>>> print(open('target-v5.csv').read())   # CSV, C-alpha atoms and all ligand atoms
chain,number,residue,atom,x,y,z
A,1,MET,CA,9.3,-4.5,10.7
A,2,LYS,CA,7.4,-1.9,8.6
A,3,ILE,CA,6.7,-3.5,5.2
A,4,ILE,CA,7.5,-1.5,2.1
A,5,ASP,CA,4.9,-2.7,-0.4
A,6,LEU,CA,5.8,-2.0,-4.1
A,7,ARG,CA,3.4,-4.4,-5.7
A,8,SER,CA,0.8,-1.9,-6.6
A,9,ASP,CA,-0.8,1.5,-5.7
A,10,THR,CA,-3.9,-0.5,-4.5
A,11,VAL,CA,-2.1,-1.4,-1.2
A,12,THR,CA,-2.4,2.0,0.5
A,13,GLN,CA,-3.9,2.4,4.0
A,14,PRO,CA,-6.5,5.1,4.6
A,15,CYS,CA,-5.0,7.9,6.7
A,16,ASP,CA,-6.6,9.0,10.0
A,17,GLU,CA,-8.3,12.0,8.4
A,18,MET,CA,-9.8,9.9,5.7
A,19,ARG,CA,-11.1,7.4,8.3
A,20,ARG,CA,-12.6,10.4,10.2
A,21,VAL,CA,-14.6,11.7,7.2
A,22,MET,CA,-15.8,8.1,6.6
A,23,ALA,CA,-17.0,7.7,10.2
A,24,ASN,CA,-18.8,11.1,10.1
A,25,ALA,CA,-20.3,10.7,6.6
A,26,GLU,CA,-24.0,11.5,6.2
A,27,VAL,CA,-25.6,8.4,4.6
A,28,GLY,CA,-28.8,7.0,3.3
A,29,ASP,CA,-30.0,4.1,1.0
A,30,ASP,CA,-28.2,4.9,-2.3
A,31,VAL,CA,-30.3,2.5,-4.3
A,32,THR,CA,-33.3,4.7,-3.6
A,33,GLY,CA,-31.2,7.8,-4.3
A,34,ASP,CA,-31.1,8.8,-0.6
A,35,ASP,CA,-27.4,8.9,0.1
A,36,PRO,CA,-26.2,12.6,-0.1
A,37,THR,CA,-22.5,11.7,0.2
A,38,VAL,CA,-22.7,9.3,-2.8
A,39,SER,CA,-24.5,11.9,-4.8
A,40,ARG,CA,-21.9,14.5,-3.9
A,41,LEU,CA,-19.1,12.2,-5.0
A,42,GLU,CA,-20.9,11.5,-8.3
A,43,GLN,CA,-21.4,15.2,-9.0
A,44,TYR,CA,-17.9,16.2,-7.9
A,45,ALA,CA,-16.3,13.5,-10.1
A,46,ALA,CA,-18.4,14.4,-13.1
A,47,GLU,CA,-17.5,18.1,-12.7
A,48,LEU,CA,-13.8,17.3,-12.3
A,49,LEU,CA,-13.8,15.2,-15.4
A,50,GLY,CA,-16.0,17.5,-17.4
A,51,LYS,CA,-19.1,15.3,-17.8
A,52,GLU,CA,-22.8,15.6,-17.0
A,53,ALA,CA,-23.2,12.8,-14.5
A,54,GLY,CA,-21.4,10.2,-12.5
A,55,LEU,CA,-22.0,6.7,-11.0
A,56,PHE,CA,-20.2,5.4,-8.0
A,57,VAL,CA,-19.3,1.7,-8.4
A,58,PRO,CA,-17.5,-0.9,-6.3
A,59,SER,CA,-14.6,-1.5,-8.6
A,60,GLY,CA,-12.8,-0.4,-11.8
A,61,THR,CA,-13.7,-3.8,-13.4
A,62,GLN,CA,-17.4,-3.2,-12.8
A,63,SER,CA,-17.1,0.4,-14.1
A,64,ASN,CA,-15.5,-0.7,-17.4
A,65,LEU,CA,-18.0,-3.5,-17.8
A,66,ILE,CA,-21.0,-1.2,-17.2
A,67,ALA,CA,-19.5,1.3,-19.6
A,68,LEU,CA,-19.2,-1.3,-22.3
A,69,MET,CA,-22.7,-2.6,-21.7
A,70,SER,CA,-24.1,0.9,-21.8
A,71,HIS,CA,-22.4,1.7,-25.1
A,72,CYS,CA,-22.8,-1.7,-26.8
A,73,GLN,CA,-25.7,-4.1,-27.4
A,74,ARG,CA,-25.5,-7.9,-27.8
A,75,GLY,CA,-23.6,-8.6,-31.1
A,76,ASP,CA,-21.8,-5.2,-31.1
A,77,GLU,CA,-18.0,-4.9,-30.9
A,78,TYR,CA,-15.4,-2.8,-29.1
A,79,ILE,CA,-11.9,-2.1,-30.3
A,80,VAL,CA,-9.3,-2.5,-27.5
A,81,GLY,CA,-5.6,-3.0,-26.8
A,82,SER,CA,-4.5,-6.6,-26.6
A,83,LYS,CA,-3.1,-6.0,-23.1
A,84,ALA,CA,-5.7,-3.5,-22.0
A,85,HIS,CA,-7.1,-4.0,-18.5
A,86,CYS,CA,-10.7,-4.2,-19.7
A,87,TYR,CA,-9.9,-7.0,-22.2
A,88,TRP,CA,-7.0,-8.9,-20.6
A,89,PHE,CA,-7.6,-8.5,-16.9
A,90,GLU,CA,-11.3,-8.5,-16.4
A,91,GLY,CA,-12.2,-12.1,-17.0
A,92,GLY,CA,-13.7,-11.5,-20.5
A,93,GLY,CA,-16.7,-9.8,-18.7
A,94,ALA,CA,-17.8,-7.8,-21.8
A,95,ALA,CA,-18.0,-11.0,-23.8
A,96,VAL,CA,-19.4,-13.2,-21.0
A,97,LEU,CA,-22.0,-10.8,-19.6
A,98,GLY,CA,-22.5,-8.3,-22.3
A,99,SER,CA,-22.3,-10.5,-25.5
A,100,ILE,CA,-19.9,-7.8,-26.8
A,101,GLN,CA,-17.1,-8.9,-29.1
A,102,PRO,CA,-13.6,-7.6,-28.5
A,103,GLN,CA,-11.5,-6.6,-31.5
A,104,THR,CA,-8.0,-6.4,-30.2
A,105,ILE,CA,-5.0,-4.5,-31.6
A,106,VAL,CA,-1.5,-4.9,-30.3
A,107,GLU,CA,-0.3,-1.7,-28.5
A,108,GLN,CA,2.6,0.4,-29.8
A,109,ALA,CA,5.6,0.9,-27.6
A,110,ASP,CA,4.0,4.0,-26.0
A,111,GLY,CA,0.8,2.2,-25.2
A,112,SER,CA,-1.3,3.8,-28.0
A,113,LEU,CA,-3.2,1.9,-30.6
A,114,ASP,CA,-2.1,2.6,-34.2
A,115,LEU,CA,-5.0,4.6,-35.6
A,116,SER,CA,-4.6,3.2,-39.2
A,117,GLN,CA,-5.0,-0.3,-37.7
A,118,VAL,CA,-8.0,1.0,-35.7
A,119,ALA,CA,-9.6,2.3,-38.9
A,120,ALA,CA,-8.8,-0.9,-40.7
A,121,VAL,CA,-10.7,-3.1,-38.2
A,122,ILE,CA,-13.9,-1.0,-38.1
A,123,LYS,CA,-16.4,-3.3,-39.9
A,124,PRO,CA,-18.7,-2.1,-42.7
A,125,ASP,CA,-22.4,-2.3,-42.1
A,126,ASP,CA,-22.9,-5.9,-43.5
A,127,GLN,CA,-24.7,-8.9,-42.0
A,128,HIS,CA,-21.5,-10.8,-41.8
A,129,PHE,CA,-19.9,-8.6,-39.3
A,130,ALA,CA,-20.4,-7.5,-35.7
A,131,LYS,CA,-21.3,-3.8,-35.4
A,132,THR,CA,-18.3,-1.8,-34.4
A,133,ARG,CA,-19.5,0.7,-31.8
A,134,LEU,CA,-16.7,1.7,-29.5
A,135,LEU,CA,-13.0,2.4,-29.2
A,136,CYS,CA,-11.6,1.8,-25.7
A,137,LEU,CA,-8.3,3.5,-24.7
A,138,GLU,CA,-6.4,3.2,-21.4
A,139,ASN,CA,-4.5,6.2,-19.8
A,140,THR,CA,-2.1,5.6,-18.2
A,141,THR,CA,-1.5,2.2,-19.6
A,142,TRP,CA,1.2,0.2,-17.8
A,143,GLY,CA,2.4,3.5,-16.3
A,144,ARG,CA,2.7,5.1,-19.7
A,145,PRO,CA,0.7,8.3,-20.3
A,146,LEU,CA,-0.8,8.5,-23.8
A,147,PRO,CA,0.6,11.6,-25.8
A,148,MET,CA,-1.9,14.5,-25.7
A,149,ALA,CA,-1.8,14.9,-29.5
A,150,TYR,CA,-2.7,11.2,-29.9
A,151,LEU,CA,-5.9,11.7,-28.1
A,152,THR,CA,-7.0,14.4,-30.5
A,153,GLN,CA,-6.1,12.1,-33.5
A,154,ALA,CA,-8.0,9.2,-32.0
A,155,ALA,CA,-11.1,11.3,-31.3
A,156,SER,CA,-11.1,12.4,-35.0
A,157,VAL,CA,-10.9,8.8,-36.3
A,158,VAL,CA,-13.8,7.8,-33.9
A,159,LYS,CA,-15.8,10.8,-35.1
A,160,ASP,CA,-15.2,10.0,-38.8
A,161,HIS,CA,-16.6,6.5,-38.2
A,162,GLN,CA,-19.4,7.5,-35.8
A,163,LEU,CA,-18.1,5.4,-33.0
A,164,ALA,CA,-18.1,6.2,-29.3
A,165,MET,CA,-15.0,6.4,-27.2
A,166,HIS,CA,-14.5,5.1,-23.6
A,167,LEU,CA,-11.5,5.8,-21.5
A,168,ASP,CA,-10.3,3.3,-18.9
A,169,GLY,CA,-8.8,6.1,-16.8
A,170,ALA,CA,-8.1,4.0,-13.7
A,171,ARG,CA,-5.0,6.3,-13.4
A,172,VAL,CA,-6.1,9.2,-15.5
A,173,PHE,CA,-5.0,11.7,-12.8
A,174,ASN,CA,-1.5,10.3,-13.1
A,175,ALA,CA,-1.6,11.1,-16.8
A,176,ALA,CA,-2.9,14.6,-16.1
A,177,VAL,CA,-0.2,15.3,-13.5
A,178,HIS,CA,2.5,13.9,-15.8
A,179,HIS,CA,1.4,16.2,-18.6
A,180,GLY,CA,0.8,19.1,-16.2
A,181,VAL,CA,-2.7,19.7,-17.6
A,182,ASP,CA,-6.2,19.9,-16.3
A,183,VAL,CA,-7.6,16.4,-16.5
A,184,LYS,CA,-10.5,17.7,-18.6
A,185,ARG,CA,-8.0,18.3,-21.4
A,186,ILE,CA,-7.7,14.4,-21.5
A,187,THR,CA,-11.3,13.5,-20.8
A,188,GLN,CA,-12.9,15.9,-23.2
A,189,HIS,CA,-12.2,13.5,-26.1
A,190,PHE,CA,-14.2,10.6,-24.5
A,191,ASP,CA,-17.9,9.9,-24.1
A,192,THR,CA,-17.3,8.0,-20.9
A,193,VAL,CA,-14.5,7.8,-18.4
A,194,SER,CA,-13.9,5.3,-15.7
A,195,MET,CA,-11.5,6.3,-12.9
A,196,CYS,CA,-10.3,4.5,-9.8
A,197,LEU,CA,-10.4,6.0,-6.4
A,198,SER,CA,-8.6,3.0,-5.0
A,199,LYS,CA,-5.3,3.2,-6.9
A,200,GLY,CA,-2.9,6.2,-6.5
A,201,LEU,CA,-5.7,8.3,-5.0
A,202,ALA,CA,-5.5,6.0,-2.0
A,203,ALA,CA,-9.2,5.5,-1.1
A,204,PRO,CA,-10.0,2.0,0.2
A,205,VAL,CA,-12.8,1.1,-2.3
A,206,GLY,CA,-14.5,2.3,-5.5
A,207,SER,CA,-14.5,3.8,-8.9
A,208,VAL,CA,-16.6,6.4,-10.6
A,209,LEU,CA,-17.9,6.2,-14.2
A,210,VAL,CA,-18.8,9.5,-15.8
A,211,GLY,CA,-20.6,10.4,-19.0
A,212,SER,CA,-23.8,12.0,-20.3
A,213,GLU,CA,-27.0,12.0,-18.1
A,214,LYS,CA,-28.6,9.6,-20.6
A,215,LEU,CA,-25.7,7.1,-20.6
A,216,ILE,CA,-25.3,7.2,-16.8
A,217,ALA,CA,-29.0,6.5,-16.4
A,218,THR,CA,-28.5,3.4,-18.5
A,219,ALA,CA,-25.4,2.6,-16.6
A,220,ARG,CA,-27.3,2.8,-13.3
A,221,ARG,CA,-29.6,0.0,-14.4
A,222,TRP,CA,-26.7,-2.2,-15.4
A,223,ARG,CA,-25.0,-1.5,-12.1
A,224,LYS,CA,-28.1,-2.8,-10.2
A,225,MET,CA,-28.3,-5.9,-12.4
A,226,LEU,CA,-24.6,-6.6,-11.8
A,227,GLY,CA,-25.0,-6.4,-8.1
A,228,GLY,CA,-23.3,-3.0,-7.7
A,229,GLY,CA,-26.3,-1.2,-6.1
A,230,MET,CA,-25.0,-0.4,-2.6
A,231,ARG,CA,-26.9,1.0,0.3
A,232,GLN,CA,-25.3,3.3,2.9
A,233,SER,CA,-22.3,3.6,0.6
A,234,GLY,CA,-21.7,7.2,1.6
A,235,ILE,CA,-19.2,5.8,4.1
A,236,LEU,CA,-17.1,4.7,1.1
A,237,ALA,CA,-18.0,7.7,-1.1
A,238,ALA,CA,-16.7,10.1,1.7
A,239,ALA,CA,-13.3,8.5,1.3
A,240,GLY,CA,-13.6,9.0,-2.4
A,241,ILE,CA,-14.4,12.7,-2.0
A,242,PHE,CA,-11.5,13.1,0.4
A,243,ALA,CA,-9.2,11.3,-2.1
A,244,LEU,CA,-10.2,13.7,-4.9
A,245,GLU,CA,-9.8,16.7,-2.7
A,246,ASN,CA,-6.4,15.8,-1.2
A,247,ASN,CA,-4.6,13.1,-3.1
A,248,ILE,CA,-4.4,14.3,-6.7
A,249,GLU,CA,-1.5,16.8,-6.5
A,250,ARG,CA,0.6,14.5,-4.4
A,251,LEU,CA,0.8,12.0,-7.3
A,252,ALA,CA,3.7,14.2,-8.5
A,253,LEU,CA,5.7,13.0,-5.6
A,254,ASP,CA,5.0,9.3,-6.6
A,255,HIS,CA,6.2,10.2,-10.1
A,256,GLN,CA,9.4,11.8,-8.6
A,257,HIS,CA,10.0,8.7,-6.5
A,258,ALA,CA,9.7,6.5,-9.6
A,259,ALA,CA,12.0,8.7,-11.7
A,260,PHE,CA,14.6,8.7,-8.8
A,261,MET,CA,14.4,4.9,-8.4
A,262,ALA,CA,14.7,4.4,-12.2
A,263,ALA,CA,17.7,6.7,-12.4
A,264,GLN,CA,19.5,5.1,-9.4
A,265,LEU,CA,18.9,1.6,-10.8
A,266,ASN,CA,20.1,2.6,-14.3
A,267,ASP,CA,23.3,3.9,-12.6
A,268,SER,CA,23.9,0.7,-10.6
A,269,GLU,CA,26.5,-1.9,-11.6
A,270,TYR,CA,24.0,-4.8,-12.0
A,271,PHE,CA,21.7,-3.0,-14.4
A,272,LYS,CA,24.6,-1.5,-16.4
A,273,SER,CA,26.6,-4.7,-16.7
A,274,HIS,CA,23.4,-6.6,-17.8
A,275,GLY,CA,22.4,-4.0,-20.2
A,276,ILE,CA,19.0,-3.7,-18.5
A,277,GLU,CA,17.1,-0.4,-19.1
A,278,VAL,CA,14.9,0.8,-16.3
A,279,THR,CA,12.1,3.2,-17.3
A,280,SER,CA,9.5,5.3,-15.5
A,281,GLN,CA,7.1,7.9,-16.7
A,282,THR,CA,4.5,8.2,-14.0
A,283,ASN,CA,4.3,6.1,-10.7
A,284,MET,CA,5.7,2.8,-12.1
A,285,VAL,CA,9.3,1.6,-12.5
A,286,LEU,CA,9.6,-1.0,-15.2
A,287,PHE,CA,12.4,-3.3,-16.1
A,288,GLU,CA,12.9,-6.8,-17.5
A,289,LEU,CA,15.2,-9.2,-15.6
A,290,PRO,CA,17.0,-12.2,-16.9
A,291,GLU,CA,15.0,-15.5,-16.6
A,292,LYS,CA,14.1,-16.6,-13.1
A,293,VAL,CA,15.9,-13.6,-11.5
A,294,GLY,CA,12.5,-12.1,-10.6
A,295,VAL,CA,11.9,-14.9,-8.0
A,296,LYS,CA,15.4,-14.4,-6.5
A,297,LEU,CA,14.7,-10.7,-6.2
A,298,ALA,CA,11.3,-11.1,-4.6
A,299,VAL,CA,12.5,-13.7,-2.1
A,300,GLY,CA,15.6,-11.6,-1.2
A,301,LEU,CA,13.6,-8.4,-0.8
A,302,ALA,CA,11.0,-10.2,1.3
A,303,ASP,CA,13.7,-10.9,3.9
A,304,ARG,CA,14.5,-7.2,4.0
A,305,GLY,CA,10.8,-6.1,4.4
A,306,ILE,CA,10.1,-5.2,0.8
A,307,ARG,CA,7.3,-6.8,-1.1
A,308,ILE,CA,7.3,-7.2,-4.9
A,309,TYR,CA,5.8,-9.7,-7.3
A,310,PRO,CA,8.2,-12.5,-8.4
A,311,GLY,CA,8.1,-12.0,-12.2
A,312,ASP,CA,11.0,-11.3,-14.5
A,313,ASN,CA,9.0,-8.5,-16.1
A,314,GLN,CA,9.1,-6.1,-13.1
A,315,ARG,CA,6.7,-3.3,-12.3
A,316,LEU,CA,7.4,-1.5,-9.0
A,317,VAL,CA,4.7,0.9,-8.0
A,318,MET,CA,5.0,4.1,-6.0
A,319,HIS,CA,2.1,5.4,-3.9
A,320,LYS,CA,1.1,7.4,-0.8
A,321,ASP,CA,2.6,5.0,1.7
A,322,ILE,CA,6.1,5.0,0.1
A,323,SER,CA,8.3,7.8,1.4
A,324,THR,CA,11.6,9.1,-0.1
A,325,ASP,CA,13.4,7.1,2.6
A,326,HIS,CA,11.6,4.0,1.5
A,327,VAL,CA,12.7,4.6,-2.1
A,328,GLU,CA,16.3,5.0,-1.1
A,329,PHE,CA,16.3,1.9,1.1
A,330,ALA,CA,14.5,-0.1,-1.7
A,331,VAL,CA,17.1,0.9,-4.3
A,332,GLU,CA,19.9,-0.1,-2.0
A,333,GLN,CA,18.3,-3.5,-1.2
A,334,ILE,CA,17.4,-4.2,-4.9
A,335,THR,CA,21.0,-3.7,-6.0
A,336,ARG,CA,22.3,-5.8,-3.1
A,337,VAL,CA,20.1,-8.7,-3.7
A,338,LEU,CA,20.7,-8.7,-7.5
A,339,SER,CA,24.5,-8.5,-7.0
A,340,ALA,CA,24.6,-11.2,-4.4
B,401,LIG,C1,-7.0,-1.5,-11.5
B,401,LIG,C2,-7.4,-1.2,-12.9
B,401,LIG,C3,-8.8,-1.5,-13.3
B,401,LIG,C4,-9.8,-2.2,-12.4
B,401,LIG,O1,-9.9,-1.7,-11.2
B,401,LIG,P1,-10.4,-2.7,-10.0
B,401,LIG,O2,-10.9,-1.8,-9.0
B,401,LIG,O3,-9.2,-3.4,-9.5
B,401,LIG,O4,-11.4,-3.7,-10.5
B,401,LIG,C5,-9.1,-1.1,-14.6
B,401,LIG,N1,-8.2,-0.6,-15.4
B,401,LIG,C6,-7.0,-0.4,-15.1
B,401,LIG,C7,-6.0,0.2,-16.1
B,401,LIG,C8,-6.5,-0.7,-13.8
B,401,LIG,O5,-5.2,-0.5,-13.5
>>> encode(input="target-v5.csv", output="structure tokens")
Amino acid sequence: MKIIDLRSDTVTQPCDEMRRVMANAEVGDDVTGDDPTVSRLEQYAAELLGKEAGLFVPSGTQSNLIALMSHCQRGDEYIVGSKAHCYWFEGGGAAVLGSIQPQTIVEQADGSLDLSQVAAVIKPDDQHFAKTRLLCLENTTWGRPLPMAYLTQAASVVKDHQLAMHLDGARVFNAAVHHGVDVKRITQHFDTVSMCLSKGLAAPVGSVLVGSEKLIATARRWRKMLGGGMRQSGILAAAGIFALENNIERLALDHQHAAFMAAQLNDSEYFKSHGIEVTSQTNMVLFELPEKVGVKLAVGLADRGIRIYPGDNQRLVMHKDISTDHVEFAVEQITRVLSA
């Protein structure tokens, strides 16, 4: 039985063509700067995102940590959403390894941070306080694209207070495709951007951090210290280049699949009778089930070849390996299991 895996967009399999470019990649020792394919990926990503330089890293977690450590010194502070990946899901790395204090703010319904709250937590230059250095935003955040106008407003607050701004853009291309804009319109507001090759872009491994030449030179030192200096990593970078060349535009299909699934579920008897609203903006379908129903759904779907996480707060994720047929089948099975 073919498994339909809706747990995340990290579960994709590299296609034959991607495996071919990986097998044929020209490689060298990247720590000595000798891997032409890694250098090509770093330059290409920097160009796409409108920055001077790029750094290929093993994961999004390491990319965010390196960015934070490059912007902030020991005793500095970054402002971040209370459920942001780089605060909530990265083991407290910035505090543990960077001695950087997080100042969290609870996100608004659209995933943005209220900018008057941001301004209110920026600390004055006083020996009692950590030095506020950085605002960290996430786009998309839980599948929600930040409004374009909000980015301009955030950049202006950051500028007024002479902070830097980092974007956790693990899924920044989903945001760009959603808004129908060149991704540079989003990234232009940020000093650094981290983006994942291994989410919807469907590469097996890796993220790229982009920013100024100067900051990326600092970042390269932190990458080595954190154990992210890789050798013949052109084999992985080749997959990243392939992903950037071939898998950005197709994200629109994932968004269509998510919108279709959300509409179908909203129309179904179970969701209507329980007053549950299903939402989707990019590649994620979100809904909140009654208590313990998430387990029932996950177990029931597993018997029908569909994988989801068993929580009540559901997030079903569309990706390259989910076809329109899969989406239709999944909708049918979800409504059946829930109605049983
Ligand atoms: C996945 C993700 C990361 C981290 O990426 P890993 O490669 O899993 O470490 C960071 N931020 C966001 C928003 C993510 O979704």
>>> closest_residue(input="target-v5.csv", among="A:Ser339, A:Gln73, A:Gln103, A:Asn64", to="A:His166", atoms="only C-alpha atoms")
A:Asn64
>>> closest_residue(input="target-v5.csv", among="A:Lys184, A:Arg19, A:His85, A:Arg74", to="ligand LIG 401 (chain B)", atoms="all atoms listed in the file")
A:His85
>>> residues_around(input="target-v5.csv", residues="A:Ser156", least_positions_apart="6", cutoff="10 Å", atoms="all atoms listed in the file", output="number ranges by chain")
A: 115, 150, 162, 189
>>> closest_residue(input="target-v5.csv", among="A:Met318, A:Ser273, A:Tyr309, A:Ile105", to="A:Val285", atoms="only C-alpha atoms")
A:Met318
>>> residues_around(input="target-v5.csv", residues="stretch 54-56 of chain A", least_positions_apart="6", cutoff="8 Å", atoms="all atoms listed in the file", output="list in words")
Val38, Leu41, Glu42, Gln43, Ala45, Ala46, Gly206, Ser207, Val208, Leu209, Val210, Gly211, Ile216, Ala219, Arg220 and Ala237 of chain A
>>> write_last_selection(input="target-v5.csv", atoms="C-alpha atoms", output="mmCIF file, keeping the file's coordinate frame")
data_model
loop_
_atom_site.group_PDB
_atom_site.id
_atom_site.type_symbol
_atom_site.label_atom_id
_atom_site.label_comp_id
_atom_site.auth_asym_id
_atom_site.auth_seq_id
_atom_site.Cartn_x
_atom_site.Cartn_y
_atom_site.Cartn_z
ATOM 1 C CA VAL A 38 -22.700 9.300 -2.800
ATOM 2 C CA LEU A 41 -19.100 12.200 -5.000
ATOM 3 C CA GLU A 42 -20.900 11.500 -8.300
ATOM 4 C CA GLN A 43 -21.400 15.200 -9.000
ATOM 5 C CA ALA A 45 -16.300 13.500 -10.100
ATOM 6 C CA ALA A 46 -18.400 14.400 -13.100
ATOM 7 C CA GLY A 206 -14.500 2.300 -5.500
ATOM 8 C CA SER A 207 -14.500 3.800 -8.900
ATOM 9 C CA VAL A 208 -16.600 6.400 -10.600
ATOM 10 C CA LEU A 209 -17.900 6.200 -14.200
ATOM 11 C CA VAL A 210 -18.800 9.500 -15.800
ATOM 12 C CA GLY A 211 -20.600 10.400 -19.000
ATOM 13 C CA ILE A 216 -25.300 7.200 -16.800
ATOM 14 C CA ALA A 219 -25.400 2.600 -16.600
ATOM 15 C CA ARG A 220 -27.300 2.800 -13.300
ATOM 16 C CA ALA A 237 -18.000 7.700 -1.100
#
>>> atom_distance(input="target-v5.csv", atom1="atom CA of A:Asp34", atom2="atom CA of A:Lys224")
15.4 Å
>>> closest_atom_pairs(input="target-v5.csv", of="chain A", to="ligand LIG 401 (chain B)", cutoff="6 Å", atoms="only C-alpha atoms and all ligand atoms", output="JSON lines")
{"residue": "A:Ser59", "atom": "CA", "partner": "B:LIG401", "partner_atom": "O2", "distance": 3.7}
{"residue": "A:Gly60", "atom": "CA", "partner": "B:LIG401", "partner_atom": "O1", "distance": 3.2}
{"residue": "A:Thr61", "atom": "CA", "partner": "B:LIG401", "partner_atom": "O4", "distance": 3.7}
{"residue": "A:His85", "atom": "CA", "partner": "B:LIG401", "partner_atom": "N1", "distance": 4.7}
{"residue": "A:Asp168", "atom": "CA", "partner": "B:LIG401", "partner_atom": "N1", "distance": 5.6}
{"residue": "A:Ala170", "atom": "CA", "partner": "B:LIG401", "partner_atom": "C6", "distance": 4.7}
>>> atom_distance(input="target-v5.csv", atom1="atom CA of A:Cys136", atom2="atom CA of A:Leu167")
5.8 Å
>>> residues_near_point(input="target-v5.csv", point="(-22.8, 3.1, -7.6)", cutoff="7 Å", atoms="all atoms listed in the file", output="list in words")
Leu55, Phe56, Val57, Pro58, Arg223, Gly228, Gly229 and Met230 of chain A
>>> atom_distance(input="target-v5.csv", atom1="atom CA of A:Asp321", atom2="atom CA of A:Asp9")
8.9 Å
>>> residues_around(input="target-v5.csv", residues="A:Ala149", least_positions_apart="6", cutoff="12 Å", atoms="only C-alpha atoms", output="NGL selection string")
:A and (112 or 155-156 or 179 or 185-186 or 189)
>>> closest_residue(input="target-v5.csv", among="A:Ala239, A:Ala302, A:Ala175, A:Ile308", to="A:Thr282", atoms="only C-alpha atoms")
A:Ala175
>>> residues_near_point(input="target-v5.csv", point="(-20.4, 7.5, -36.8)", cutoff="12 Å", atoms="only C-alpha atoms", output="list of chain:residue names")
A:Ile122, A:Lys123, A:Pro124, A:Asp125, A:Lys131, A:Thr132, A:Arg133, A:Leu134, A:Leu135, A:Ala155, A:Ser156, A:Val157, A:Val158, A:Lys159, A:Asp160, A:His161, A:Gln162, A:Leu163, A:Ala164, A:Met165
>>> closest_residue(input="target-v5.csv", among="A:Glu213, A:Asp29, A:Asp303, A:Asp325", to="A:Arg231", atoms="all atoms listed in the file")
A:Asp29
>>> residues_around(input="target-v5.csv", residues="A:Gly81", least_positions_apart="4", cutoff="12 Å", atoms="all atoms listed in the file", output="PyMOL selection string")
chain A and resi 85-89+102-115+117-118+135-139+141-142+167-168
>>> write_last_selection(input="target-v5.csv", atoms="C-alpha atoms", output="PDB file, in the frame of the given file")
ATOM      1  CA  HIS A  85      -7.100  -4.000 -18.500  1.00  0.00           C
ATOM      2  CA  CYS A  86     -10.700  -4.200 -19.700  1.00  0.00           C
ATOM      3  CA  TYR A  87      -9.900  -7.000 -22.200  1.00  0.00           C
ATOM      4  CA  TRP A  88      -7.000  -8.900 -20.600  1.00  0.00           C
ATOM      5  CA  PHE A  89      -7.600  -8.500 -16.900  1.00  0.00           C
ATOM      6  CA  PRO A 102     -13.600  -7.600 -28.500  1.00  0.00           C
ATOM      7  CA  GLN A 103     -11.500  -6.600 -31.500  1.00  0.00           C
ATOM      8  CA  THR A 104      -8.000  -6.400 -30.200  1.00  0.00           C
ATOM      9  CA  ILE A 105      -5.000  -4.500 -31.600  1.00  0.00           C
ATOM     10  CA  VAL A 106      -1.500  -4.900 -30.300  1.00  0.00           C
ATOM     11  CA  GLU A 107      -0.300  -1.700 -28.500  1.00  0.00           C
ATOM     12  CA  GLN A 108       2.600   0.400 -29.800  1.00  0.00           C
ATOM     13  CA  ALA A 109       5.600   0.900 -27.600  1.00  0.00           C
ATOM     14  CA  ASP A 110       4.000   4.000 -26.000  1.00  0.00           C
ATOM     15  CA  GLY A 111       0.800   2.200 -25.200  1.00  0.00           C
ATOM     16  CA  SER A 112      -1.300   3.800 -28.000  1.00  0.00           C
ATOM     17  CA  LEU A 113      -3.200   1.900 -30.600  1.00  0.00           C
ATOM     18  CA  ASP A 114      -2.100   2.600 -34.200  1.00  0.00           C
ATOM     19  CA  LEU A 115      -5.000   4.600 -35.600  1.00  0.00           C
ATOM     20  CA  GLN A 117      -5.000  -0.300 -37.700  1.00  0.00           C
ATOM     21  CA  VAL A 118      -8.000   1.000 -35.700  1.00  0.00           C
ATOM     22  CA  LEU A 135     -13.000   2.400 -29.200  1.00  0.00           C
ATOM     23  CA  CYS A 136     -11.600   1.800 -25.700  1.00  0.00           C
ATOM     24  CA  LEU A 137      -8.300   3.500 -24.700  1.00  0.00           C
ATOM     25  CA  GLU A 138      -6.400   3.200 -21.400  1.00  0.00           C
ATOM     26  CA  ASN A 139      -4.500   6.200 -19.800  1.00  0.00           C
ATOM     27  CA  THR A 141      -1.500   2.200 -19.600  1.00  0.00           C
ATOM     28  CA  TRP A 142       1.200   0.200 -17.800  1.00  0.00           C
ATOM     29  CA  LEU A 167     -11.500   5.800 -21.500  1.00  0.00           C
ATOM     30  CA  ASP A 168     -10.300   3.300 -18.900  1.00  0.00           C
TER      31      ASP A 168
END
